Structures are given as structure tokens and as C-alpha cells.
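Participant: Supplied structure: model_12.cif, mmCIF, C-alpha atoms.
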```cif
data_start
loop_
_atom_site.group_PDB
_atom_site.id
_atom_site.type_symbol
_atom_site.label_atom_id
_atom_site.label_comp_id
_atom_site.auth_asym_id
_atom_site.auth_seq_id
_atom_site.Cartn_x
_atom_site.Cartn_y
_atom_site.Cartn_z
ATOM 1 C CA MET A 177 -7.323 51.302 96.982
ATOM 2 C CA ILE A 178 -7.758 47.539 96.860
ATOM 3 C CA LYS A 179 -5.419 45.944 99.414
ATOM 4 C CA ILE A 180 -3.892 42.696 98.111
ATOM 5 C CA ASN A 181 -0.984 40.378 98.794
ATOM 6 C CA PHE A 182 0.608 37.193 97.447
ATOM 7 C CA CYS A 183 2.081 34.114 99.093
ATOM 8 C CA ASP A 184 3.027 30.486 98.451
ATOM 9 C CA PHE A 185 3.917 30.965 94.780
ATOM 10 C CA TRP A 186 6.802 29.282 92.980
ATOM 11 C CA PRO A 187 10.447 30.360 93.474
ATOM 12 C CA GLY A 188 11.225 33.521 91.516
ATOM 13 C CA PHE A 189 7.583 34.586 91.294
ATOM 14 C CA ASP A 190 8.054 37.778 93.306
ATOM 15 C CA SER A 191 10.804 39.064 91.022
ATOM 16 C CA ASN A 192 8.532 38.851 87.976
ATOM 17 C CA ASN A 193 4.966 38.928 89.297
ATOM 18 C CA LEU A 194 2.983 39.109 86.073
ATOM 19 C CA PHE A 195 -0.309 38.942 87.941
ATOM 20 C CA LEU A 196 0.553 42.098 89.867
ATOM 21 C CA LYS A 197 1.491 43.875 86.636
ATOM 22 C CA PHE A 198 -1.860 42.866 85.151
ATOM 23 C CA PHE A 199 -3.783 43.978 88.241
ATOM 24 C CA GLU A 200 -2.054 47.361 88.259
ATOM 25 C CA ARG A 201 -3.114 47.954 84.658
ATOM 26 C CA HIS A 202 -6.788 47.365 85.420
ATOM 27 C CA PHE A 203 -7.464 47.933 89.123
ATOM 28 C CA PRO A 204 -6.356 50.364 91.859
ATOM 29 C CA VAL A 205 -4.388 47.792 93.863
ATOM 30 C CA VAL A 206 -1.726 48.144 96.524
ATOM 31 C CA ILE A 207 0.369 45.491 98.286
ATOM 32 C CA HIS A 208 -0.539 45.439 101.982
ATOM 33 C CA ASP A 209 0.547 43.327 104.974
ATOM 34 C CA LYS A 210 -3.092 43.048 106.032
ATOM 35 C CA PRO A 211 -4.794 42.475 102.689
ATOM 36 C CA ASP A 212 -8.483 42.367 101.960
ATOM 37 C CA TYR A 213 -7.686 39.935 99.132
ATOM 38 C CA LEU A 214 -4.974 37.277 99.322
ATOM 39 C CA PHE A 215 -3.713 35.534 96.191
ATOM 40 C CA PHE A 216 -1.941 32.295 97.023
ATOM 41 C CA SER A 217 -0.659 29.177 95.310
ATOM 42 C CA VAL A 218 0.227 25.603 96.239
ATOM 43 C CA TYR A 219 3.936 25.831 97.076
ATOM 44 C CA GLY A 220 3.616 26.576 100.782
ATOM 45 C CA ARG A 221 1.259 26.912 103.736
ATOM 46 C CA GLU A 222 1.623 30.574 104.566
ATOM 47 C CA HIS A 223 -1.946 31.180 103.384
ATOM 48 C CA LEU A 224 -3.256 29.255 106.396
ATOM 49 C CA LYS A 225 -2.174 32.164 108.579
ATOM 50 C CA TYR A 226 -4.615 34.482 106.805
ATOM 51 C CA ASP A 227 -8.197 34.291 108.059
ATOM 52 C CA ASN A 228 -9.732 37.734 107.718
ATOM 53 C CA CYS A 229 -9.495 38.238 103.980
ATOM 54 C CA VAL A 230 -10.922 36.976 100.734
ATOM 55 C CA LYS A 231 -8.656 34.197 99.444
ATOM 56 C CA ILE A 232 -8.030 33.464 95.766
ATOM 57 C CA LEU A 233 -6.050 30.359 94.833
ATOM 58 C CA TYR A 234 -3.985 30.091 91.667
ATOM 59 C CA THR A 235 -2.558 26.676 90.879
ATOM 60 C CA GLY A 236 0.125 26.137 88.282
ATOM 61 C CA GLU A 237 0.042 22.414 89.022
ATOM 62 C CA ASN A 238 -2.387 19.601 88.226
ATOM 63 C CA LEU A 239 -4.334 20.033 91.468
ATOM 64 C CA VAL A 240 -8.079 20.460 91.775
ATOM 65 C CA PRO A 241 -8.676 23.557 93.939
ATOM 66 C CA ASP A 242 -9.787 22.954 97.513
ATOM 67 C CA PHE A 243 -12.698 25.366 97.835
ATOM 68 C CA ASN A 244 -12.812 24.716 101.574
ATOM 69 C CA LEU A 245 -9.633 26.796 101.808
ATOM 70 C CA CYS A 246 -10.326 29.489 99.236
ATOM 71 C CA ASP A 247 -13.209 31.704 98.209
ATOM 72 C CA TYR A 248 -12.212 31.664 94.547
ATOM 73 C CA ALA A 249 -9.796 29.698 92.425
ATOM 74 C CA ILE A 250 -7.989 29.949 89.104
ATOM 75 C CA GLY A 251 -6.674 26.744 87.579
ATOM 76 C CA PHE A 252 -6.513 24.250 84.698
ATOM 77 C CA HIS A 253 -9.549 22.045 85.106
ATOM 78 C CA TYR A 254 -12.836 22.416 83.305
ATOM 79 C CA LEU A 255 -15.036 23.167 86.323
ATOM 80 C CA GLU A 256 -18.308 24.956 86.920
ATOM 81 C CA PHE A 257 -18.781 26.446 90.385
ATOM 82 C CA GLY A 258 -20.827 29.617 90.153
ATOM 83 C CA ASP A 259 -18.635 32.709 90.268
ATOM 84 C CA ARG A 260 -15.933 30.944 92.269
ATOM 85 C CA TYR A 261 -13.786 29.478 89.490
ATOM 86 C CA LEU A 262 -11.938 30.542 86.343
ATOM 87 C CA ARG A 263 -10.048 28.246 83.998
ATOM 88 C CA TYR A 264 -6.817 30.086 83.250
ATOM 89 C CA PRO A 265 -4.120 27.531 82.355
ATOM 90 C CA LEU A 266 -0.436 28.126 82.877
ATOM 91 C CA PHE A 267 0.284 28.502 79.165
ATOM 92 C CA ALA A 268 -2.024 31.546 79.189
ATOM 93 C CA TYR A 269 -0.014 33.053 82.047
ATOM 94 C CA TYR A 270 3.228 32.376 80.180
ATOM 95 C CA GLN A 271 1.970 34.108 77.040
ATOM 96 C CA TRP A 272 2.686 37.362 78.852
ATOM 97 C CA HIS A 273 6.366 36.463 78.656
ATOM 98 C CA TYR A 274 6.332 36.448 74.896
ATOM 99 C CA GLU A 275 5.188 39.721 73.378
ATOM 100 C CA ASN A 276 6.145 38.484 69.910
ATOM 101 C CA LEU A 277 3.880 35.435 70.086
ATOM 102 C CA SER A 278 1.083 36.825 67.917
ATOM 103 C CA ILE A 279 3.640 38.140 65.430
ATOM 104 C CA SER A 280 5.412 34.797 65.154
ATOM 105 C CA GLU A 281 2.067 33.018 64.733
ATOM 106 C CA SER A 282 0.690 35.325 62.040
ATOM 107 C CA GLN A 283 3.903 35.672 60.039
ATOM 108 C CA SER A 284 5.432 32.233 60.525
ATOM 109 C CA SER A 285 4.471 30.871 57.087
ATOM 110 C CA GLN A 286 5.754 33.942 55.293
ATOM 111 C CA LEU A 287 8.984 34.299 57.214
ATOM 112 C CA LEU A 288 9.968 30.699 57.819
ATOM 113 C CA ALA A 289 8.957 28.933 54.617
ATOM 114 C CA GLU A 290 11.952 30.462 52.898
ATOM 115 C CA ASP A 291 14.411 29.370 55.559
ATOM 116 C CA GLU A 292 15.798 26.000 54.514
ATOM 117 C CA SER A 293 18.068 25.996 57.550
ATOM 118 C CA LEU A 294 15.087 24.933 59.654
ATOM 119 C CA THR A 295 15.312 21.458 58.201
ATOM 120 C CA LYS A 296 19.088 21.327 58.722
ATOM 121 C CA ARG A 297 18.888 21.766 62.472
ATOM 122 C CA LYS A 298 19.773 19.122 65.024
ATOM 123 C CA PHE A 299 17.232 16.372 65.528
ATOM 124 C CA CYS A 300 15.442 16.563 68.882
ATOM 125 C CA ASN A 301 15.877 17.898 72.411
ATOM 126 C CA PHE A 302 14.612 16.993 75.871
ATOM 127 C CA VAL A 303 14.929 19.533 78.724
ATOM 128 C CA TYR A 304 13.802 18.551 82.212
ATOM 129 C CA SER A 305 15.207 19.216 85.661
ATOM 130 C CA ASN A 306 14.103 15.969 87.300
ATOM 131 C CA ASN A 307 11.682 13.080 87.140
ATOM 132 C CA VAL A 308 10.232 13.503 90.642
ATOM 133 C CA ASN A 309 6.535 12.584 90.576
ATOM 134 C CA SER A 310 6.489 12.701 86.765
ATOM 135 C CA ASP A 311 4.828 10.094 84.565
ATOM 136 C CA PRO A 312 7.460 7.448 83.653
ATOM 137 C CA VAL A 313 6.255 7.604 80.049
ATOM 138 C CA ARG A 314 8.361 10.746 79.568
ATOM 139 C CA ASP A 315 11.670 8.995 80.221
ATOM 140 C CA HIS A 316 10.496 5.892 78.378
ATOM 141 C CA PHE A 317 9.678 7.901 75.273
ATOM 142 C CA PHE A 318 13.064 9.650 75.437
ATOM 143 C CA ASN A 319 14.829 6.279 75.537
ATOM 144 C CA GLU A 320 12.732 4.796 72.730
ATOM 145 C CA LEU A 321 13.160 7.769 70.390
ATOM 146 C CA SER A 322 16.912 7.767 71.099
ATOM 147 C CA LYS A 323 17.098 4.370 69.422
ATOM 148 C CA TYR A 324 16.359 6.135 66.117
ATOM 149 C CA ARG A 325 18.666 9.147 66.559
ATOM 150 C CA LYS A 326 20.334 10.768 69.524
ATOM 151 C CA VAL A 327 18.033 13.040 71.513
ATOM 152 C CA ASP A 328 19.999 15.806 73.229
ATOM 153 C CA SER A 329 19.010 16.152 76.883
ATOM 154 C CA GLY A 330 19.864 19.678 77.991
ATOM 155 C CA GLY A 331 18.372 19.688 81.485
ATOM 156 C CA ARG A 332 19.766 18.295 84.719
ATOM 157 C CA HIS A 333 17.751 15.100 84.242
ATOM 158 C CA LEU A 334 19.300 12.509 81.899
ATOM 159 C CA ASN A 335 21.762 15.133 80.694
ATOM 160 C CA ASN A 336 23.940 13.896 77.829
ATOM 161 C CA ILE A 337 25.501 17.107 76.482
ATOM 162 C CA GLY A 338 28.003 17.855 79.252
ATOM 163 C CA GLY A 339 25.824 19.947 81.552
ATOM 164 C CA PRO A 340 22.500 21.773 81.816
ATOM 165 C CA VAL A 341 21.759 24.648 79.450
ATOM 166 C CA LYS A 342 21.310 28.177 80.805
ATOM 167 C CA ASP A 343 18.691 29.413 78.340
ATOM 168 C CA LYS A 344 16.073 26.829 77.381
ATOM 169 C CA LEU A 345 14.503 28.789 74.522
ATOM 170 C CA SER A 346 17.862 29.538 72.932
ATOM 171 C CA PHE A 347 18.731 25.869 73.193
ATOM 172 C CA ILE A 348 15.558 24.371 71.731
ATOM 173 C CA LYS A 349 15.418 26.740 68.743
ATOM 174 C CA ASP A 350 18.336 24.806 67.251
ATOM 175 C CA TYR A 351 16.290 21.594 67.043
ATOM 176 C CA LYS A 352 13.660 20.315 64.630
ATOM 177 C CA PHE A 353 11.699 18.592 67.405
ATOM 178 C CA THR A 354 11.166 19.157 71.127
ATOM 179 C CA ILE A 355 9.830 16.510 73.496
ATOM 180 C CA ALA A 356 7.142 18.508 75.306
ATOM 181 C CA PHE A 357 5.670 16.108 77.854
ATOM 182 C CA GLU A 358 3.692 17.257 80.878
ATOM 183 C CA ASN A 359 4.438 15.557 84.191
ATOM 184 C CA SER A 360 0.987 13.944 83.973
ATOM 185 C CA SER A 361 -2.035 13.577 81.713
ATOM 186 C CA VAL A 362 -4.921 15.554 83.218
ATOM 187 C CA PRO A 363 -7.861 17.111 81.340
ATOM 188 C CA GLY A 364 -7.218 20.833 80.878
ATOM 189 C CA TYR A 365 -3.634 20.676 82.173
ATOM 190 C CA THR A 366 -1.504 22.398 79.513
ATOM 191 C CA THR A 367 1.579 24.261 80.694
ATOM 192 C CA GLU A 368 4.474 26.155 79.154
ATOM 193 C CA LYS A 369 5.831 22.793 77.960
ATOM 194 C CA LEU A 370 3.799 23.145 74.751
ATOM 195 C CA LEU A 371 4.182 26.904 74.407
ATOM 196 C CA GLU A 372 7.987 27.039 74.534
ATOM 197 C CA PRO A 373 8.756 24.993 71.404
ATOM 198 C CA ILE A 374 6.059 26.909 69.511
ATOM 199 C CA ILE A 375 7.803 30.155 70.440
ATOM 200 C CA ALA A 376 11.194 28.714 69.443
ATOM 201 C CA CYS A 377 9.906 27.356 66.085
ATOM 202 C CA SER A 378 10.661 23.800 67.109
ATOM 203 C CA LEU A 379 7.964 21.207 66.438
ATOM 204 C CA PRO A 380 6.463 19.971 69.730
ATOM 205 C CA VAL A 381 6.086 16.273 70.461
ATOM 206 C CA TYR A 382 3.369 16.591 73.071
ATOM 207 C CA TYR A 383 1.904 14.388 75.792
ATOM 208 C CA GLY A 384 -0.384 15.584 78.550
ATOM 209 C CA ASN A 385 -3.771 17.259 78.377
ATOM 210 C CA PRO A 386 -6.162 14.844 76.623
ATOM 211 C CA LEU A 387 -8.334 17.863 75.748
ATOM 212 C CA VAL A 388 -5.454 19.910 74.332
ATOM 213 C CA TYR A 389 -7.254 20.311 71.004
ATOM 214 C CA LEU A 390 -9.880 22.479 72.686
ATOM 215 C CA ASP A 391 -7.176 25.181 72.810
ATOM 216 C CA PHE A 392 -4.863 24.164 69.952
ATOM 217 C CA VAL A 393 -5.541 23.175 66.359
ATOM 218 C CA PRO A 394 -5.505 19.390 65.772
ATOM 219 C CA GLY A 395 -2.731 18.021 63.567
ATOM 220 C CA THR A 396 -0.395 21.004 63.993
ATOM 221 C CA PHE A 397 2.090 19.187 66.225
ATOM 222 C CA VAL A 398 3.002 15.608 67.043
ATOM 223 C CA ARG A 399 0.936 14.172 69.862
ATOM 224 C CA LEU A 400 1.189 11.034 71.958
ATOM 225 C CA GLU A 401 -2.438 10.385 72.879
ATOM 226 C CA ASN A 402 -1.877 7.332 75.051
ATOM 227 C CA LYS A 403 1.037 5.336 76.383
ATOM 228 C CA ASN A 404 0.405 2.420 74.039
ATOM 229 C CA ASP A 405 0.898 4.624 70.989
ATOM 230 C CA ILE A 406 4.634 5.273 71.304
ATOM 231 C CA GLU A 407 5.644 3.190 68.307
ATOM 232 C CA ARG A 408 3.198 4.981 65.991
ATOM 233 C CA VAL A 409 4.309 8.418 67.227
ATOM 234 C CA ILE A 410 7.974 7.575 66.654
ATOM 235 C CA GLU A 411 7.102 6.429 63.137
ATOM 236 C CA GLU A 412 5.390 9.781 62.560
ATOM 237 C CA ILE A 413 8.488 11.632 63.786
ATOM 238 C CA ILE A 414 10.715 9.552 61.487
ATOM 239 C CA SER A 415 8.422 10.339 58.556
ATOM 240 C CA LEU A 416 8.532 14.083 59.304
ATOM 241 C CA ASP A 417 12.285 13.973 59.835
ATOM 242 C CA SER A 418 12.708 12.358 56.431
ATOM 243 C CA ASP A 419 10.340 14.630 54.489
ATOM 244 C CA ASP A 420 11.250 18.335 54.584
ATOM 245 C CA THR A 421 8.064 19.445 52.851
ATOM 246 C CA LYS A 422 5.862 17.544 55.280
ATOM 247 C CA TYR A 423 7.885 18.757 58.262
ATOM 248 C CA LEU A 424 7.737 22.432 57.244
ATOM 249 C CA ALA A 425 4.007 22.226 56.571
ATOM 250 C CA MET A 426 3.339 21.081 60.122
ATOM 251 C CA LEU A 427 5.899 23.452 61.620
ATOM 252 C CA HIS A 428 4.354 26.499 59.926
ATOM 253 C CA SER A 429 0.732 25.587 60.619
ATOM 254 C CA LYS A 430 -1.246 27.901 62.884
ATOM 255 C CA LYS A 431 -1.395 26.152 66.240
ATOM 256 C CA PHE A 432 -3.546 28.428 68.401
ATOM 257 C CA LYS A 433 -7.291 28.291 67.935
ATOM 258 C CA SER A 434 -8.814 31.709 67.264
ATOM 259 C CA GLU A 435 -10.349 31.898 70.745
ATOM 260 C CA ASN A 436 -7.026 30.970 72.344
ATOM 261 C CA ASN A 437 -5.289 34.328 72.376
ATOM 262 C CA ILE A 438 -3.866 36.547 75.056
ATOM 263 C CA GLN A 439 -6.519 39.248 74.602
ATOM 264 C CA LYS A 440 -9.371 36.850 75.324
ATOM 265 C CA TRP A 441 -7.595 35.249 78.261
ATOM 266 C CA GLU A 442 -7.026 38.720 79.721
ATOM 267 C CA GLU A 443 -10.689 39.592 79.216
ATOM 268 C CA HIS A 444 -11.732 36.462 81.105
ATOM 269 C CA LEU A 445 -9.335 37.226 83.959
ATOM 270 C CA LYS A 446 -10.346 40.865 84.155
ATOM 271 C CA SER A 447 -14.046 39.974 84.280
ATOM 272 C CA PHE A 448 -13.449 37.328 86.952
ATOM 273 C CA LEU A 449 -11.524 39.762 89.147
ATOM 274 C CA ALA A 450 -13.948 42.633 88.529
ATOM 275 C CA ASN A 451 -16.701 40.508 90.027
ATOM 276 C CA ILE A 452 -14.589 39.840 93.120
ATOM 277 C CA PHE A 453 -13.244 43.374 93.596
ATOM 278 C CA GLY A 454 -16.618 44.903 92.737
ATOM 279 C CA GLN A 455 -18.119 43.656 95.996
ATOM 280 C CA PRO A 456 -17.319 44.843 99.513
ATOM 281 C CA PRO A 457 -14.835 42.330 100.935
ATOM 282 C CA ASP A 458 -17.330 41.034 103.491
ATOM 283 C CA HIS A 459 -19.761 40.242 100.644
ATOM 284 C CA ALA A 460 -17.124 38.484 98.556
ATOM 285 C CA TYR A 461 -16.537 35.630 100.991
ATOM 286 C CA ARG A 462 -17.561 32.248 99.646
ATOM 287 C CA ARG A 463 -15.721 29.641 101.734
ATOM 288 C CA PRO A 464 -17.561 28.256 104.770
ATOM 289 C CA VAL A 465 -16.345 29.625 108.086
ATOM 290 C CA PHE A 466 -18.367 27.603 110.598
ATOM 291 C CA GLY A 467 -19.429 23.975 110.827
ATOM 292 C CA PHE A 468 -17.081 21.092 110.080
ATOM 293 C CA ASN A 469 -15.002 23.253 107.747
ATOM 294 C CA SER A 470 -13.707 25.136 110.786
ATOM 295 C CA PHE A 471 -12.402 21.862 112.233
ATOM 296 C CA TYR A 472 -10.946 20.900 108.832
ATOM 297 C CA VAL A 473 -8.982 24.137 108.500
ATOM 298 C CA GLU A 474 -7.695 24.009 112.081
ATOM 299 C CA GLU A 475 -6.431 20.462 111.488
ATOM 300 C CA LEU A 476 -4.518 21.654 108.429
ATOM 301 C CA LYS A 477 -3.012 24.506 110.419
ATOM 302 C CA LEU A 478 -1.834 22.045 113.073
ATOM 303 C CA GLN A 479 -0.297 19.790 110.421
ATOM 304 C CA ALA A 480 1.490 22.796 108.918
ATOM 305 C CA GLN A 481 2.930 23.723 112.324
ATOM 306 C CA LEU A 482 4.165 20.178 112.927
ATOM 307 C CA LEU A 483 5.784 20.023 109.483
ATOM 308 C CA GLU A 484 7.505 23.356 110.074
ATOM 309 C CA ARG A 485 8.862 22.142 113.434
ATOM 310 C CA ARG A 486 10.158 18.982 111.756
ATOM 311 C CA ARG A 487 11.818 21.049 109.023
ATOM 312 C CA ARG A 488 13.543 23.255 111.606
ATOM 313 C CA LEU A 489 14.655 20.241 113.645
ATOM 314 C CA ASN A 490 16.117 18.565 110.558
ATOM 315 C CA SER A 491 17.917 21.789 109.691
ATOM 316 C CA VAL A 492 19.459 21.940 113.188
ATOM 317 C CA LYS A 493 20.494 18.281 112.972
ATOM 318 C CA ALA A 494 22.145 18.867 109.601
ATOM 319 C CA SER A 495 24.001 21.899 110.965
ATOM 320 C CA ILE A 496 25.264 19.866 113.943
ATOM 321 C CA ARG A 497 26.437 17.049 111.668
ATOM 322 C CA ASN A 498 28.318 19.510 109.462
ATOM 323 C CA THR A 499 29.978 21.105 112.502
ATOM 324 C CA VAL A 500 31.013 17.721 113.922
ATOM 325 C CA SER A 501 32.416 16.607 110.556
ATOM 326 C CA ARG A 502 34.570 19.750 110.366
ATOM 327 C CA ILE A 503 35.861 19.304 113.918
ATOM 328 C CA ASN A 504 36.455 15.579 113.594
ATOM 329 C CA PRO A 505 37.148 14.855 109.927
ATOM 330 C CA LYS A 506 37.519 11.172 109.083
#
```
Turn the structure described in the file into C-alpha cells.

Facilitator:
Amino acid sequence: MIKINFCDFWPGFDSNNLFLKFFERHFPVVIHDKPDYLFFSVYGREHLKYDNCVKILYTGENLVPDFNLCDYAIGFHYLEFGDRYLRYPLFAYYQWHYENLSISESQSSQLLAEDESLTKRKFCNFVYSNNVNSDPVRDHFFNELSKYRKVDSGGRHLNNIGGPVKDKLSFIKDYKFTIAFENSSVPGYTTEKLLEPIIACSLPVYYGNPLVYLDFVPGTFVRLENKNDIERVIEEIISLDSDDTKYLAMLHSKKFKSENNIQKWEEHLKSFLANIFGQPPDHAYRRPVFGFNSFYVEELKLQAQLLERRRRLNSVKASIRNTVSRINPK
């Protein structure tokens, strides 16, 4: 059996670990406290505690992998680094959530062209939890488009419908357009932001990956290519909103390029992992262990320890303040 484990992934990952489900379909894997192969992400520092295993990074964010810390990496960027890297963007991971994706793509023209209610839906939605570290162009575009017609904000950020929605896909399917902006514009960085409106049959208004048309068919959704193009994009939205025939033609158009399908992404991932698992663990190491890299990693471990101590101290201080406030209310 291949001993693996996971750490430092996003909240909720463990309850629906799609990677593990994929691995179990193709490889004899078992979760183990002392893994030979550790899969980790960028949402923590637990991976620094693992030294004696092959380490594979998966990033769902716009970060370039640090190959000083991992033997292999899976991410968004278009990189070439021998057998150490696979481009596997987050929208490919999220395709596993939607088993009806290929059906909705292949039958959309036939099934939806007859549905006039699609043009009678509400105008546009905007669903985001916050604007922390996000490109200000997202909020700016929301405000500019709202000058034409109200854009319903259903997330916690800029909410204008009385509270955040519970089910994003159910919410956005009732809208003709969805503002689908990434938190930044980085080559290769396409997330579920673009996939979700496609699934919900809402026309995406996209900003983000400048190379998005390497994966998706040009002209099949509205795209803000640069921040100085907002006025033109809003004019395009107004034109589509005013012309049902034009709107439905774009809505129904096939958006995924032929090579962008879940079967091919799975083949790439399976081949990448087969190369790693097909070697004895001690032959699969790629990251440097000695030299300056040893100092580099130890420094990061020390920083992680100091940050953890600060977090615990702040937690104790907050607990003391809460206790004092209950004892001596103002």
C-alpha cells in the first residue's frame, strides 16, 4: 500500500477530499500518520513538521510553488520543471463536483434555446465573501455596472439583498449575468469563479487569467481584458441585455475547448502521480536536503513556531479580556 496523508488544505477539505477519492480509484493508497507521500497546500505550516517523506504541494491560490519546500507541485502557472510540476487549475478540480457538466455543455443549445424564461431572469449578481487582498477592480466594476441596473450582491461583501445566500449556484441561476472576477489577474489562474456561472447557465462576466482562452473558447462569455476597458465591457453587457437573440447565442455557445475536459485532466493527473508513486520513495525525492536549503527550511520552521506562539498568546489575551468584561461589565 502507498502511505499518504494531507495537511494545510482549505477549511472543509477533509469532509470532501476529492483528491483522495481520485487516488483510491487509481492507486492502492492508505492514509497514514507517517506517510511516504505528503500532499499539502498553502493554508498552514503543518507540512514543515514532515521531513522524511516525499512532499507534493497543491495550490488553489495564485502562488508560484516553492520547490525548495516540495519535491513536486500542482498548480495554475504555465511552468516547465522536469517531472516536478503539473498544471492542474482549480476549475479542473471543481469539475469533479459537477457530474452533469458534460451533459449541460453538449445539450445546452437543444435544451435551453426553447426556454424564453432565460431572458426574463433578473439582471446580474455578484457573490463574494470579502475584498481582503482582492484586486480593487472587482468592487469598482460592481459599482460602475450598478449605475446601469441594480446588481444583486448575495455574498457577505457589499450585500444588498438583506443577507448572504446559502446556496450560490441556486442563487446565480436566476440571473442573466454573473460577475465572475478572480481576486487577481495571473497567467493560468482560473478558478471556480468562471465554472460556476457556466454550470448555472448564467453568462459569466470574467476578469482574471489573461490566458483564459487557452482553456475556454474566445467570445463565449463577456471578458474584461484590462482595467481600462470597463466602459466598453459595460456597453457590451447593455447590448446583450437588450438583445435576446444575441444574449442567447452567447449563453448557449460551447465554452470549453475540446482538450479542456475532465477526462483529459484526470489523465494528466494520473500520469503525474504514476511517475511519483512508481518510484521507491527514496528515489522520488527532488527537493535539496543539504546546503543552503537546509538553513532556509530551518528558518521557516522557526518563523512558524514564533507565529504559533503569538497566535496562542493573542488567544489567551482575548480570553482574559472576555473574562474581565463579564466580571466587571461597564

Participant: For atom CA of Val500 of chain A and atom CA of Leu482 of chain A, determine how far apart the two atoms are, in Å to one decimal place.

Facilitator: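 One can read the atom CA of Val500 of chain A to atom CA of Leu482 of chain A distance as 27.0 Å.
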
Participant: Going by the chain IDs and residue numbers used in this file, which residues fall under the PyMOL selection byres ((chain A and resi 246-251) around 10)? Write them as a ChimeraX atom specification.

Facilitator: /A:213-217,223,229-245,252-255,257-266,364-365,445,448-449,452,460-464

Participant: Just how far from atom CA of Phe318 of chain A is atom CA of Tyr304 of chain A, in Å to one decimal?

Facilitator: 11.2 Å

Participant: Considering only C-alpha atoms, return as number ranges by chain whatever protein or nucleic-acid residues lie within 6 Å of Lys433 of chain A, sequence-local ones (same chain, fewer than 5 positions apart) excluded.

Facilitator: A: 391-393

Participant: For the residues in that selection, give me C-alpha atoms as a PDB file, in the coordinates of the input.

Facilitator:
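That gives us out_26.pdb:
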```
ATOM      1  CA  ASP A 391      -7.176  25.181  72.810  1.00  0.00           C
ATOM      2  CA  PHE A 392      -4.863  24.164  69.952  1.00  0.00           C
ATOM      3  CA  VAL A 393      -5.541  23.175  66.359  1.00  0.00           C
TER       4      VAL A 393
END
```

Participant: Take the PyMOL selection byres ((chain A and resi 328) around 9), run it mentally on this structure, and tell me the resulting residues as an NGL selection string.

Facilitator: :A and (298-303 or 322 or 326-327 or 329-330 or 335-337)

Participant: What's the separation between atom CA of Arg332 of chain A and atom CA of Asn306 of chain A, in Å to one decimal place?

Facilitator: 6.6 Å

Participant: Mind telling me what the PyMOL selection byres ((chain A and resi 196) around 12) catches here, as an mmCIF file with C-alpha atoms, keeping the file's coordinate frame?

Facilitator:
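So the final result, stored in part.cif, reads:
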```cif
data_model
loop_
_atom_site.group_PDB
_atom_site.id
_atom_site.type_symbol
_atom_site.label_atom_id
_atom_site.label_comp_id
_atom_site.auth_asym_id
_atom_site.auth_seq_id
_atom_site.Cartn_x
_atom_site.Cartn_y
_atom_site.Cartn_z
ATOM 1 C CA LYS A 179 -5.419 45.944 99.414
ATOM 2 C CA ILE A 180 -3.892 42.696 98.111
ATOM 3 C CA ASN A 181 -0.984 40.378 98.794
ATOM 4 C CA PHE A 182 0.608 37.193 97.447
ATOM 5 C CA PHE A 189 7.583 34.586 91.294
ATOM 6 C CA ASP A 190 8.054 37.778 93.306
ATOM 7 C CA SER A 191 10.804 39.064 91.022
ATOM 8 C CA ASN A 192 8.532 38.851 87.976
ATOM 9 C CA ASN A 193 4.966 38.928 89.297
ATOM 10 C CA LEU A 194 2.983 39.109 86.073
ATOM 11 C CA PHE A 195 -0.309 38.942 87.941
ATOM 12 C CA LYS A 197 1.491 43.875 86.636
ATOM 13 C CA PHE A 198 -1.860 42.866 85.151
ATOM 14 C CA PHE A 199 -3.783 43.978 88.241
ATOM 15 C CA GLU A 200 -2.054 47.361 88.259
ATOM 16 C CA ARG A 201 -3.114 47.954 84.658
ATOM 17 C CA HIS A 202 -6.788 47.365 85.420
ATOM 18 C CA PHE A 203 -7.464 47.933 89.123
ATOM 19 C CA PRO A 204 -6.356 50.364 91.859
ATOM 20 C CA VAL A 205 -4.388 47.792 93.863
ATOM 21 C CA VAL A 206 -1.726 48.144 96.524
ATOM 22 C CA ILE A 207 0.369 45.491 98.286
ATOM 23 C CA LEU A 214 -4.974 37.277 99.322
ATOM 24 C CA PHE A 215 -3.713 35.534 96.191
ATOM 25 C CA TYR A 269 -0.014 33.053 82.047
#
```

Participant: Given the point (-1.5, 23.7, 63.6) in the file's coordinates, find the residues that have an atom at most 10 Å from it, counting only C-alpha atoms, and give them as a ChimeraX atom specification.

Facilitator: /A:389,392-398,425-433

Participant: Choose the residue, out of A:Ile348, A:Val362, A:Ile413, A:Ile406, that has the smallest atom-to-atom separation from His316 of chain A; count only C-alpha atoms.

Facilitator: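 Among the listed residues, A:Ile406 lies closest to His316 of chain A.
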
Participant: Which of these residues is nearest to Arg297 of chain A, using all atoms listed in the file: A:Thr366, A:Asn437, A:Asn309, A:Ser378?

Facilitator: A:Ser378

Participant: Hey, which of A:Asn469, A:Asn359, A:Ser310, A:Asn404 ends up closest to Asn385 of chain A? Count all atoms listed in the file.

Facilitator: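 Closest candidate: A:Asn359.
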
Participant: So that I can check the surroundings of Tyr383 of chain A, please list as number ranges by chain every protein, DNA and RNA residue that reaches within 8 Å of it, counting only C-alpha atoms and ignoring chain neighbours fewer than 6 positions away.

Facilitator: A: 356-358, 361, 399-401

Participant: Could you please give me, as a list of chain:residue names, the residues of protein, DNA or RNA lying at most 7 Å from (4.8, 24.4, 94.9) in the coordinate frame of the file, considering all atoms listed in the file?

Facilitator: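 Protein and nucleic acid residues near the point are A:Phe185, A:Trp186, A:Val218, A:Tyr219, A:Gly220.
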
Participant: Using the file's own x, y and z axes, what box holds all listed atoms of segment 458-469 of chain A with 5 Å on each side, keeping edges along x, y and z, and what are its centre and edge lengths in Å to one decimal, as JSON?

Facilitator:
```
{"center_x": -17.4, "center_y": 31.1, "center_z": 104.7, "size_x": 14.8, "size_y": 29.9, "size_z": 22.3}
```

Participant: Measuring atom to atom with only C-alpha atoms, identify which of A:Ser346, A:Asn307, A:Ser491, A:Asn319 is nearest to Ser360 of chain A.

Facilitator: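 Under the stated criterion, the closest residue is A:Asn307.
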